[in-house]
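Visitor: Here it is: the structure, laid out below.
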Amino acid sequence: MLLWAAFLIGGFTVLAGQTADPRLQAPILALYREDGVVFADMVPCAGDRVRTVYVDDPAGYARWSVAAGPGTPPVSKLRLFEAPPGWRVTDDDPIAATATLDPRAPYLLWLQSDRGDQAAFVFTASQLESTARSAVLTATGRDDEDGDPGSGVVPRSEFERRAAEYCRRFPT
């Protein structure tokens, strides 16, 4: 657990030190649960595509990550712990073997796009209980206690509005 916390602190110290570049906190990533399955929705800006998505687990520093293969068409939705067609699993630790999330543990969800946009937030499985296609879990700013990127449930329309506004402000 200490290794994961050190990674988060180290990883987000870098992001916090570079907050002048808003592409490091792009509001283009959300999670929701539908029929017991967790999906990640990604809204990259026009002309861009998501190239990497990962989930970190605090128990044993496990990581599940997928990366887009060369020439892979853009993906805007993926089922957590399942690689989309043309993508490859790049890290497949025990978290992926069960494809379940411990309701008491925090996780970090992160993505990076081809142009360098990054989105990340910390979440718990219990937060997903109040999500659906119409209400998603997404980044809501920094947590006051530890500085990690916090998350909360917002209407999908709000998530999509924030992503569109971001893409207007920072076109490709």
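Labels used: A, B, ... for chains in the order of the structure tokens, numbers from 1 for residues in each chain, and numbers from 1 for ligands as shown.
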Among stretch 106-137 of chain A, which ones does DSSP place in strand (DSSP E), written as a ChimeraX atom specification?
Guide: /A:106-113,118-124,135-137
Visitor: Between A:Ala163, A:Ala83, A:Leu29, A:Val37, single out the one closest to A:Ala132, counting only C-alpha atoms.
Guide: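 The answer is A:Val37, which sits nearest to A:Ala132.
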Visitor: Which value, in Å to one decimal, gives the distance between atom CA of A:Phe123 and atom CA of A:Leu108?
Guide: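 Atom CA of A:Phe123 sits 6.4 Å away from atom CA of A:Leu108.
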Visitor: Restricting the calculation to only C-alpha atoms: of A:Ala26, A:Val55, A:Val66, A:Leu80, which residue gets closest to A:Tyr107?
Guide: A:Val55
Visitor: Could you list, as a list in words, every residue within 10 Å of A:Gly47, counting only C-alpha atoms and ignoring same-chain residues fewer than 3 positions away?
Guide: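 That gives Pro44, Pro74, Asp114, Arg115, Pro171 and Thr172 of chain A.
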Visitor: Take the residues from that selection and put them in a file with N, CA and C atoms, as an mmCIF file, in the first residue's frame.
Guide:
data_model
loop_
_atom_site.group_PDB
_atom_site.id
_atom_site.type_symbol
_atom_site.label_atom_id
_atom_site.label_comp_id
_atom_site.auth_asym_id
_atom_site.auth_seq_id
_atom_site.Cartn_x
_atom_site.Cartn_y
_atom_site.Cartn_z
ATOM 1 N N PRO A 44 -12.133 12.388 -26.298
ATOM 2 C CA PRO A 44 -10.985 13.152 -26.790
ATOM 3 C C PRO A 44 -11.451 14.236 -27.755
ATOM 4 N N PRO A 74 -10.255 5.322 -33.329
ATOM 5 C CA PRO A 74 -10.531 5.902 -32.010
ATOM 6 C C PRO A 74 -11.618 5.128 -31.260
ATOM 7 N N ASP A 114 -3.171 10.892 -27.809
ATOM 8 C CA ASP A 114 -2.041 11.052 -28.723
ATOM 9 C C ASP A 114 -1.412 12.436 -28.637
ATOM 10 N N ARG A 115 -2.242 13.464 -28.436
ATOM 11 C CA ARG A 115 -1.680 14.823 -28.405
ATOM 12 C C ARG A 115 -1.146 15.214 -27.031
ATOM 13 N N PRO A 171 -8.026 23.532 -28.862
ATOM 14 C CA PRO A 171 -8.233 22.733 -30.074
ATOM 15 C C PRO A 171 -6.954 22.013 -30.496
ATOM 16 N N THR A 172 -7.147 20.934 -31.230
ATOM 17 C CA THR A 172 -5.982 20.161 -31.702
ATOM 18 C C THR A 172 -5.271 20.879 -32.801
#
Visitor: Measuring atom to atom with only C-alpha atoms, identify which of A:Ser157, A:Pro149, A:Asp57, A:Val38 is nearest to A:Gln118.
Guide: A:Pro149
Visitor: Env of A:Thr138: 10 Å cut, atoms = only C-alpha atoms, seq-sep filter 5 positions within chain, self excluded. Answer as a tab-separated table (two decimals) with C-alpha atoms, in the first residue's frame.
Guide:
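And here's result21.tsv as it stands now:
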chain	number	residue	atom	x	y	z
A	27	PRO	CA	-12.10	16.72	-18.25
A	28	ILE	CA	-12.48	13.98	-20.87
A	29	LEU	CA	-12.82	10.79	-18.78
A	30	ALA	CA	-15.75	9.32	-16.83
A	31	LEU	CA	-16.89	6.01	-15.36
A	32	TYR	CA	-20.31	4.49	-14.93
A	40	ALA	CA	-15.05	4.21	-19.09
A	41	ASP	CA	-16.30	6.97	-21.38
A	109	LEU	CA	-8.06	5.82	-13.34
A	119	ALA	CA	-7.16	12.81	-17.42
A	120	ALA	CA	-7.08	11.13	-14.03
A	121	PHE	CA	-9.06	10.76	-10.87
A	122	VAL	CA	-9.19	8.66	-7.74
A	123	PHE	CA	-12.38	6.70	-7.13
A	149	PRO	CA	-7.54	14.34	-8.24
A	150	GLY	CA	-10.95	13.91	-6.63
A	151	SER	CA	-14.10	12.59	-8.26
A	152	GLY	CA	-17.84	12.91	-7.99
A	153	VAL	CA	-21.02	11.96	-9.78
A	154	VAL	CA	-22.35	14.51	-12.28
A	155	PRO	CA	-25.09	14.36	-14.92
A	156	ARG	CA	-23.73	13.06	-18.24
A	159	PHE	CA	-19.56	15.88	-18.23
Visitor: Report as a PyMOL selection string all protein, DNA and RNA residues lying within 9 Å of A:Asp102, evaluated on only C-alpha atoms, omitting residues in the same chain fewer than 5 positions from it.
Guide: chain A and resi 124-126
Visitor: Save out the residues we just selected, N, CA and C atoms, as an mmCIF file, in the first residue's frame.
Guide:
data_model
loop_
_atom_site.group_PDB
_atom_site.id
_atom_site.type_symbol
_atom_site.label_atom_id
_atom_site.label_comp_id
_atom_site.auth_asym_id
_atom_site.auth_seq_id
_atom_site.Cartn_x
_atom_site.Cartn_y
_atom_site.Cartn_z
ATOM 1 N N THR A 124 -13.603 5.137 -5.769
ATOM 2 C CA THR A 124 -13.851 3.867 -5.077
ATOM 3 C C THR A 124 -15.004 3.167 -5.779
ATOM 4 N N ALA A 125 -15.030 1.867 -5.632
ATOM 5 C CA ALA A 125 -16.103 1.086 -6.245
ATOM 6 C C ALA A 125 -17.465 1.506 -5.694
ATOM 7 N N SER A 126 -17.519 1.880 -4.428
ATOM 8 C CA SER A 126 -18.805 2.277 -3.853
ATOM 9 C C SER A 126 -19.348 3.545 -4.524
#
Visitor: Given only C-alpha atoms as the basis, pick out the residue of A:Asp56, A:Arg88, A:Arg63, A:Ser134 nearest to A:Pro106.
Guide: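 Answer, going by the shortest atom-to-atom distance: A:Asp56.
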Visitor: Which is closest to A:Val43 among A:Gly71, A:Ser76, A:Glu129, A:Gln25, if we use only C-alpha atoms?
Guide: A:Ser76
Visitor: Once DSSP has gone over the backbone, tell me which residues of stretch 41-140 of chain A are in alpha helix (DSSP H), as a ChimeraX atom specification.
Guide: /A:94-98
Visitor: Convert the current residue selection to file output with N, CA and C atoms, as a compact mmCIF listing (two decimals), in the first residue's frame.
Guide:
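So again-v8.txt came out as:
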# COMPACT_ATOMS: atom_id res chain seq x y z
N PRO A 94 -3.03 -9.00 -10.90
CA PRO A 94 -4.19 -9.69 -10.30
C PRO A 94 -5.50 -8.92 -10.35
N ILE A 95 -5.46 -7.60 -10.37
CA ILE A 95 -6.70 -6.83 -10.43
C ILE A 95 -7.52 -7.22 -11.66
N ALA A 96 -6.85 -7.49 -12.76
CA ALA A 96 -7.55 -7.82 -14.01
C ALA A 96 -8.06 -9.25 -14.01
N ALA A 97 -7.42 -10.12 -13.25
CA ALA A 97 -7.83 -11.52 -13.24
C ALA A 97 -9.24 -11.66 -12.68
N THR A 98 -9.61 -10.83 -11.71
CA THR A 98 -10.94 -10.94 -11.11
C THR A 98 -11.92 -9.97 -11.74
